[in-house]
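Asks: Dropping in start-v3.cif, which is mmCIF, C-alpha atoms and all ligand atoms:
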data_structure
loop_
_atom_site.label_atom_id
_atom_site.label_comp_id
_atom_site.auth_asym_id
_atom_site.auth_seq_id
_atom_site.Cartn_x
_atom_site.Cartn_y
_atom_site.Cartn_z
CA MET A 1 -41.10 16.59 -34.21
CA ARG A 2 -44.26 14.88 -35.36
CA LEU A 3 -47.82 15.25 -34.02
CA GLU A 4 -50.46 12.75 -35.05
CA GLY A 5 -54.12 13.25 -34.24
CA VAL A 6 -53.31 15.33 -31.17
CA THR A 7 -56.30 16.47 -29.11
CA LYS A 8 -56.47 18.53 -25.93
CA ASP A 9 -59.41 18.78 -23.56
CA TYR A 10 -59.70 21.14 -20.61
CA GLY A 11 -62.04 20.77 -17.64
CA GLU A 12 -63.35 17.79 -15.71
CA GLU A 13 -67.11 18.17 -15.27
CA VAL A 14 -67.57 20.28 -18.34
CA VAL A 15 -65.00 19.10 -20.87
CA THR A 16 -64.05 21.51 -23.60
CA ARG A 17 -62.00 20.28 -26.53
CA VAL A 18 -59.59 23.02 -27.58
CA LEU A 19 -57.47 21.01 -30.04
CA HIS A 20 -59.07 18.62 -32.51
CA GLY A 21 -56.83 16.07 -34.21
CA ILE A 22 -53.73 18.10 -34.99
CA ASP A 23 -51.35 16.54 -37.53
CA LEU A 24 -48.12 18.49 -37.85
CA THR A 25 -44.54 17.56 -38.70
CA LEU A 26 -41.66 19.97 -38.32
CA MET A 27 -38.58 19.19 -40.40
CA PRO A 28 -35.06 20.01 -39.14
CA GLY A 29 -34.07 23.57 -39.99
CA GLU A 30 -37.59 24.80 -40.76
CA PHE A 31 -38.63 28.32 -39.76
CA VAL A 32 -42.38 28.17 -39.21
CA ALA A 33 -44.97 30.79 -38.25
CA LEU A 34 -47.99 29.69 -36.22
CA VAL A 35 -50.89 32.11 -36.60
CA GLY A 36 -54.59 32.19 -35.77
CA PRO A 37 -57.20 34.17 -33.83
CA SER A 38 -57.02 34.68 -30.08
CA GLY A 39 -58.26 31.57 -28.29
CA SER A 40 -57.72 29.29 -31.31
CA GLY A 41 -55.29 27.03 -29.42
CA LYS A 42 -51.82 28.23 -30.44
CA SER A 43 -50.35 28.41 -26.93
CA THR A 44 -52.01 25.12 -25.99
CA LEU A 45 -50.35 23.53 -29.01
CA LEU A 46 -46.99 25.07 -28.12
CA ASN A 47 -47.24 23.78 -24.54
CA LEU A 48 -47.84 20.26 -25.86
CA MET A 49 -44.97 20.48 -28.34
CA GLY A 50 -42.81 21.90 -25.55
CA LEU A 51 -43.59 18.79 -23.46
CA LEU A 52 -44.87 21.10 -20.72
CA ASP A 53 -48.26 19.40 -20.86
CA ARG A 54 -49.58 16.10 -22.19
CA PRO A 55 -52.13 15.67 -24.97
CA SER A 56 -55.57 14.18 -24.20
CA GLY A 57 -55.27 12.00 -27.29
CA GLY A 58 -52.97 11.32 -30.22
CA ARG A 59 -49.19 11.03 -30.34
CA ILE A 60 -46.23 13.36 -30.14
CA GLN A 61 -42.90 12.04 -31.38
CA VAL A 62 -39.62 13.79 -30.78
CA ARG A 63 -36.71 12.43 -32.82
CA GLY A 64 -38.63 9.21 -33.37
CA GLN A 65 -39.38 8.75 -29.68
CA ASP A 66 -43.05 8.44 -28.67
CA THR A 67 -43.32 10.87 -25.74
CA SER A 68 -46.32 9.07 -24.20
CA GLU A 69 -43.88 6.33 -23.16
CA LEU A 70 -41.94 8.75 -20.96
CA ASP A 71 -42.65 9.60 -17.33
CA ASP A 72 -42.42 13.22 -16.13
CA ASP A 73 -38.67 12.98 -15.45
CA GLY A 74 -38.13 11.51 -18.90
CA LEU A 75 -40.11 14.35 -20.47
CA ALA A 76 -38.13 16.94 -18.51
CA ALA A 77 -34.83 15.40 -19.62
CA LEU A 78 -35.90 15.28 -23.27
CA ARG A 79 -37.14 18.87 -22.99
CA ALA A 80 -33.84 20.08 -21.54
CA ARG A 81 -31.80 18.33 -24.23
CA THR A 82 -33.82 19.22 -27.32
CA LEU A 83 -36.04 22.26 -26.77
CA GLY A 84 -35.64 25.98 -26.16
CA PHE A 85 -38.39 28.46 -25.23
CA VAL A 86 -38.95 32.15 -25.81
CA PHE A 87 -42.08 33.80 -24.45
CA GLN A 88 -43.77 37.18 -24.91
CA PHE A 89 -42.69 38.20 -21.44
CA HIS A 90 -39.12 37.11 -21.11
CA HIS A 91 -39.31 35.52 -17.60
CA LEU A 92 -35.73 36.51 -16.80
CA LEU A 93 -34.78 36.25 -13.15
CA GLY A 94 -34.49 39.78 -11.77
CA ALA A 95 -32.01 38.93 -9.04
CA PHE A 96 -29.42 37.68 -11.54
CA SER A 97 -27.28 39.32 -14.21
CA ALA A 98 -27.84 38.78 -17.94
CA LEU A 99 -24.87 36.39 -17.96
CA GLU A 100 -26.24 34.37 -15.05
CA ASN A 101 -29.67 34.19 -16.67
CA VAL A 102 -28.12 32.73 -19.82
CA MET A 103 -26.15 30.23 -17.72
CA MET A 104 -29.30 29.06 -15.89
CA PRO A 105 -30.28 26.17 -18.23
CA MET A 106 -26.68 24.90 -18.23
CA LEU A 107 -26.57 25.05 -14.44
CA ALA A 108 -29.88 23.21 -14.18
CA GLU A 109 -28.58 20.49 -16.50
CA ARG A 110 -25.11 20.03 -14.99
CA GLY A 111 -25.79 20.89 -11.36
CA ARG A 112 -22.80 23.13 -10.80
CA GLN A 113 -21.01 26.02 -12.41
CA ASP A 114 -17.79 25.73 -14.36
CA ALA A 115 -15.65 28.12 -16.40
CA SER A 116 -16.78 26.71 -19.75
CA MET A 117 -20.41 27.60 -18.96
CA ARG A 118 -19.48 31.18 -18.26
CA GLU A 119 -17.52 31.34 -21.54
CA ARG A 120 -20.39 29.86 -23.51
CA ALA A 121 -22.89 32.28 -21.94
CA ARG A 122 -20.56 35.18 -22.80
CA ALA A 123 -20.31 33.99 -26.39
CA LEU A 124 -24.10 33.73 -26.65
CA LEU A 125 -24.55 37.25 -25.27
CA GLY A 126 -22.01 38.35 -27.88
CA ASP A 127 -24.09 36.64 -30.59
CA VAL A 128 -27.15 38.64 -29.57
CA GLY A 129 -25.14 41.87 -29.46
CA LEU A 130 -25.03 42.23 -25.68
CA ALA A 131 -21.42 41.42 -24.83
CA GLU A 132 -21.08 44.78 -23.09
CA ARG A 133 -24.18 44.26 -20.94
CA ALA A 134 -23.34 40.83 -19.49
CA ASP A 135 -23.30 42.09 -15.90
CA ALA A 136 -26.47 44.19 -16.14
CA HIS A 137 -29.61 43.00 -14.37
CA PRO A 138 -32.85 42.69 -16.36
CA SER A 139 -34.31 45.90 -14.87
CA GLN A 140 -31.32 47.81 -16.30
CA LEU A 141 -32.01 46.60 -19.85
CA SER A 142 -34.52 47.76 -22.46
CA GLY A 143 -37.39 45.49 -23.52
CA GLY A 144 -35.58 44.49 -26.71
CA GLN A 145 -32.36 43.81 -24.80
CA GLN A 146 -34.23 41.69 -22.26
CA GLN A 147 -35.79 39.70 -25.08
CA ARG A 148 -32.33 39.18 -26.62
CA VAL A 149 -31.06 37.82 -23.28
CA ALA A 150 -34.08 35.47 -23.26
CA ILE A 151 -33.13 34.31 -26.76
CA ALA A 152 -29.52 33.70 -25.70
CA ARG A 153 -30.86 31.69 -22.76
CA ALA A 154 -33.19 29.67 -25.04
CA LEU A 155 -30.17 28.77 -27.18
CA ALA A 156 -27.89 27.91 -24.26
CA MET A 157 -28.31 24.14 -24.59
CA ASP A 158 -28.12 24.30 -28.40
CA PRO A 159 -31.69 23.00 -28.81
CA ALA A 160 -32.84 21.32 -32.02
CA LEU A 161 -36.16 23.17 -31.82
CA VAL A 162 -37.03 26.57 -30.37
CA LEU A 163 -40.68 27.28 -29.54
CA ALA A 164 -41.45 30.98 -29.37
CA ASP A 165 -44.85 32.27 -28.18
CA GLU A 166 -45.21 35.85 -29.42
CA PRO A 167 -41.51 36.60 -28.82
CA THR A 168 -41.95 40.12 -30.19
CA GLY A 169 -45.45 40.66 -28.78
CA ASN A 170 -44.61 43.55 -26.47
CA LEU A 171 -41.89 45.22 -28.55
CA ASP A 172 -42.18 48.19 -30.91
CA THR A 173 -42.05 47.51 -34.66
CA GLY A 174 -38.34 48.29 -35.13
CA THR A 175 -37.17 46.27 -32.13
CA SER A 176 -39.47 43.42 -32.99
CA SER A 177 -38.01 43.27 -36.49
CA GLN A 178 -34.47 43.12 -35.01
CA VAL A 179 -35.38 40.35 -32.59
CA PHE A 180 -37.02 38.45 -35.43
CA GLU A 181 -33.87 38.80 -37.59
CA LEU A 182 -31.85 37.41 -34.71
CA LEU A 183 -33.99 34.26 -34.63
CA ARG A 184 -33.66 34.05 -38.41
CA ARG A 185 -29.88 34.26 -38.17
CA PHE A 186 -29.65 31.42 -35.63
CA ASN A 187 -31.90 29.39 -37.90
CA ARG A 188 -29.58 29.97 -40.88
CA GLU A 189 -26.30 29.55 -39.03
CA ARG A 190 -27.13 26.55 -36.82
CA ARG A 191 -30.09 25.00 -38.66
CA THR A 192 -32.07 25.32 -35.44
CA THR A 193 -35.77 24.68 -36.13
CA PHE A 194 -38.13 27.48 -35.05
CA LEU A 195 -41.88 27.55 -34.47
CA ILE A 196 -42.97 31.11 -33.83
CA VAL A 197 -46.44 32.24 -32.74
CA THR A 198 -47.11 35.73 -34.01
CA HIS A 199 -50.04 38.05 -34.54
CA ASP A 200 -47.91 40.15 -36.88
CA SER A 201 -48.72 39.13 -40.46
CA ARG A 202 -45.65 40.93 -41.79
CA LEU A 203 -43.40 38.79 -39.59
CA ALA A 204 -45.35 35.64 -40.49
CA GLU A 205 -44.73 36.33 -44.17
CA ARG A 206 -40.97 36.44 -43.45
CA CYS A 207 -41.04 32.79 -42.28
CA ASP A 208 -40.64 29.78 -44.61
CA ARG A 209 -43.89 28.09 -43.76
CA LEU A 210 -47.15 29.33 -42.36
CA VAL A 211 -49.48 27.21 -40.22
CA GLU A 212 -52.85 28.70 -39.35
CA VAL A 213 -54.94 27.32 -36.48
CA VAL A 214 -58.64 28.19 -36.26
CA ASP A 215 -60.93 26.76 -33.57
CA GLY A 216 -58.38 24.14 -32.59
CA ARG A 217 -57.84 22.81 -36.10
CA ILE A 218 -55.16 23.46 -38.69
CA ARG A 219 -56.88 25.42 -41.42
CA THR A 220 -53.85 26.30 -43.56
CA ASP A 221 -50.36 24.83 -43.83
CA ARG A 222 -48.43 26.32 -46.72
CA PRO A 223 -44.99 27.44 -47.76
CA VAL A 224 -44.44 31.19 -47.75
CA THR A 225 -43.60 32.42 -51.21
CA ARG A 226 -41.72 35.66 -51.68
CA PRO A 227 -41.81 37.81 -54.77
N1 LIG B 301 -55.63 25.84 -18.50
C1 LIG B 301 -56.76 26.01 -19.20
N2 LIG B 301 -57.94 25.58 -18.72
C2 LIG B 301 -59.08 25.71 -19.41
N3 LIG B 301 -59.15 26.28 -20.63
C3 LIG B 301 -58.02 26.72 -21.17
C4 LIG B 301 -56.76 26.62 -20.49
N4 LIG B 301 -55.80 27.15 -21.29
C5 LIG B 301 -56.42 27.57 -22.38
N5 LIG B 301 -57.75 27.32 -22.34
C6 LIG B 301 -58.73 27.61 -23.39
O1 LIG B 301 -58.29 26.96 -24.58
C7 LIG B 301 -58.53 27.77 -25.72
C8 LIG B 301 -57.22 28.00 -26.45
O2 LIG B 301 -56.38 28.83 -25.66
P1 LIG B 301 -54.90 29.22 -26.09
O3 LIG B 301 -54.29 29.93 -24.98
O4 LIG B 301 -54.22 28.02 -26.61
O5 LIG B 301 -55.22 30.22 -27.31
P2 LIG B 301 -54.21 31.10 -28.17
O6 LIG B 301 -54.45 30.74 -29.60
O7 LIG B 301 -52.84 30.97 -27.66
O8 LIG B 301 -54.77 32.58 -27.94
P3 LIG B 301 -53.96 34.01 -27.84
O9 LIG B 301 -53.67 34.38 -29.27
O10 LIG B 301 -54.96 34.91 -27.22
O11 LIG B 301 -52.74 33.79 -27.02
C9 LIG B 301 -59.18 29.05 -25.20
O12 LIG B 301 -60.58 28.91 -25.38
C10 LIG B 301 -58.81 29.08 -23.74
O13 LIG B 301 -59.81 29.74 -22.99
MG MG B 302 -51.49 32.32 -26.79
#
Spell out the structure here as structure tokens.
Ligand SMILES: Nc1ncnc2c1ncn2[C@@H]1O[C@H](COP(=O)(O)OP(=O)(O)OP(=O)(O)O)[C@@H](O)[C@H]1O
Ligand SMILES: [Mg+2]
Replies:
Amino acid sequence: MRLEGVTKDYGEEVVTRVLHGIDLTLMPGEFVALVGPSGSGKSTLLNLMGLLDRPSGGRIQVRGQDTSELDDDGLAALRARTLGFVFQFHHLLGAFSALENVMMPMLAERGRQDASMRERARALLGDVGLAERADAHPSQLSGGQQQRVAIARALAMDPALVLADEPTGNLDTGTSSQVFELLRRFNRERRTTFLIVTHDSRLAERCDRLVEVVDGRIRTDRPVTRP
């Protein structure tokens, strides 16, 4: 994914520019932390990269395709095929089991259920250590378990890039470290690219690259070096 000179304005009468000329390229297999103060534009940037919203200016390319050339259906199709999302609050559907929640993106893509979907969702729940809890509903799971279901769901379509907005934001330190390790493992095993917004500097330092946004501009973009 490549962003060139991306800007974002909010408001119609009073226009506020919240992103100013963002240039950012994510390489396949990278594991990147996105940090910055509250209100600096991290979620806005993630929404644009997630093709959930369009930039006010500049270009966003996904696998060489200029996304401004796509209509809303085209964006949705590209999003479903290439991107996965994990949010601070998991947004699982309470009326469905963990297994059904993980199957949801596959159902949306293919229109109807088949046995292979169920098998794949089971395997993903196994990968996140929840094979035994497949039939539990979200309210019967702990916060960390719910977040692991959300991760399994994000990976259901085998996305090239996963965008995570404070995926460990409402978890305790130990659980958040486990959830982080899980993302790390998928990154290593499948070469899935990750961009993770975090306020936790210890987690950020466990990524490969650190991008810092301040006042809607990239202030720092550096590799993370470990002792
Ligand atoms: N839909 C919107 N309409 C108008 N202004 C918005 C909208 N969404 C965000 N903003 C503004 O854009 C700026 C960036 O917000 P954003 O949510 O991207 O920040 P953030 O870096 O994710 O902050 P946090 O760390 O608190 O989540 C803020 O000043 C915010 O008030
Ligand atoms: Mg945010």
Asks: Show me which residues sit within 7 Å of ligand LIG 301 (chain B) when counting all atoms listed in the file, and put them as a list in words.
Replies: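 So, counting all atoms listed in the file, the residues near ligand LIG 301 (chain B) are Tyr10, Gly11, Val18, Gly36, Pro37, Ser38, Gly39, Ser40, Gly41, Lys42, Ser43, Thr44 and Leu45 of chain A.
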Asks: Atom CA of Val197 of chain A and atom CA of Arg226 of chain A, how far apart in Å?
Replies: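 Pair atom CA of Arg226 of chain A / atom CA of Val197 of chain A returns 19.8 Å.
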Asks: What's around Phe85 of chain A at 6 Å? Count only C-alpha atoms, leave out sequence neighbours fewer than 2 positions away in its own chain, and write the answer as an MDAnalysis selection string.
Replies: chainID A and resid 154 162:164
Asks: Which one of A:Asn101, A:Thr25, A:Gln88, A:Gln61 sits closest to ligand MG 302 (chain B) if you count only C-alpha atoms and all ligand atoms?
Replies: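 Closest to ligand MG 302 (chain B), using only C-alpha atoms and all ligand atoms: A:Gln88.
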Asks: My list of candidates is A:Ala33, A:Met117, A:Met27, A:Val62. Which is closest to Thr220 of chain A when distances are computed with only C-alpha atoms?
Replies: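 Among the listed residues, A:Ala33 lies closest to Thr220 of chain A.
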Asks: For a quick check of understanding, using all atoms listed in the file, which of A:Gly169, A:Gly74, A:Pro138, A:Gly216 has the smallest distance to Asp23 of chain A?
Replies: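 Between A:Gly169, A:Gly74, A:Pro138, A:Gly216, the residue approaching Asp23 of chain A most closely is A:Gly216.
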Asks: So, counting only C-alpha atoms, which residue among A:Thr225, A:Asn47, A:Gln178, A:Gln146 is closest to Leu83 of chain A?
Replies: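 Using only C-alpha atoms, the shortest distance to Leu83 of chain A belongs to A:Asn47.
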Asks: Mind giving me the straight-line distance from atom CA of Glu166 of chain A to atom CA of Leu203 of chain A in Å, one decimal?
Replies: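 Those two atoms sit 10.7 Å apart.
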Asks: As a list in words, please: the residues near Ile60 of chain A (cut-off 10 Å, only C-alpha atoms, same-chain neighbours under 4 positions excluded).
Replies: Met1, Arg2, Leu3, Glu4, Gly5, Val6, Asp23, Leu24, Thr25, Leu48, Met49, Leu51, Arg54, Pro55, Gly64, Gln65, Asp66, Thr67 and Ser68 of chain A
Asks: Figure out the distance between atom CA of Phe89 of chain A and atom CA of Gln113 of chain A, please, to one decimal in Å.
Replies: 26.5 Å
Asks: Out of A:Arg153, A:His20, A:His199, A:Arg118, which residue has the shortest atom-to-atom distance to ligand MG 302 (chain B) when counting all atoms listed in the file?
Replies: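 With all atoms listed in the file as the atom set, the closest residue is A:His199.
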Asks: Find the residue from A:Arg222, A:Arg120, A:His137, A:Arg206 that sits nearest to Gly94 of chain A; use all atoms listed in the file when measuring.
Replies: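 Answer, going by the shortest atom-to-atom distance: A:His137.
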Asks: Ala134 of chain A: which residues within 7 Å, counting all atoms listed in the file, same-chain residues fewer than 4 positions away excluded, as an MDAnalysis selection string?
Replies: chainID A and resid 97:99 125 130
Asks: Around (-36.5, 35.8, -34.1) in the file's own coordinates, what residues are found within 9 Å if you use only C-alpha atoms, given back as a PDB file with C-alpha atoms, in the coordinates of the input?
Replies:
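Output file selection.pdb follows:
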ATOM      1  CA  ILE A 151     -33.130  34.310 -26.760  1.00  0.00           C
ATOM      2  CA  ALA A 164     -41.450  30.980 -29.370  1.00  0.00           C
ATOM      3  CA  PRO A 167     -41.510  36.600 -28.820  1.00  0.00           C
ATOM      4  CA  THR A 168     -41.950  40.120 -30.190  1.00  0.00           C
ATOM      5  CA  SER A 176     -39.470  43.420 -32.990  1.00  0.00           C
ATOM      6  CA  SER A 177     -38.010  43.270 -36.490  1.00  0.00           C
ATOM      7  CA  GLN A 178     -34.470  43.120 -35.010  1.00  0.00           C
ATOM      8  CA  VAL A 179     -35.380  40.350 -32.590  1.00  0.00           C
ATOM      9  CA  PHE A 180     -37.020  38.450 -35.430  1.00  0.00           C
ATOM     10  CA  GLU A 181     -33.870  38.800 -37.590  1.00  0.00           C
ATOM     11  CA  LEU A 182     -31.850  37.410 -34.710  1.00  0.00           C
ATOM     12  CA  LEU A 183     -33.990  34.260 -34.630  1.00  0.00           C
ATOM     13  CA  ARG A 184     -33.660  34.050 -38.410  1.00  0.00           C
ATOM     14  CA  ARG A 185     -29.880  34.260 -38.170  1.00  0.00           C
ATOM     15  CA  PHE A 186     -29.650  31.420 -35.630  1.00  0.00           C
ATOM     16  CA  ASN A 187     -31.900  29.390 -37.900  1.00  0.00           C
ATOM     17  CA  PHE A 194     -38.130  27.480 -35.050  1.00  0.00           C
ATOM     18  CA  ILE A 196     -42.970  31.110 -33.830  1.00  0.00           C
TER      19      ILE A 196
END
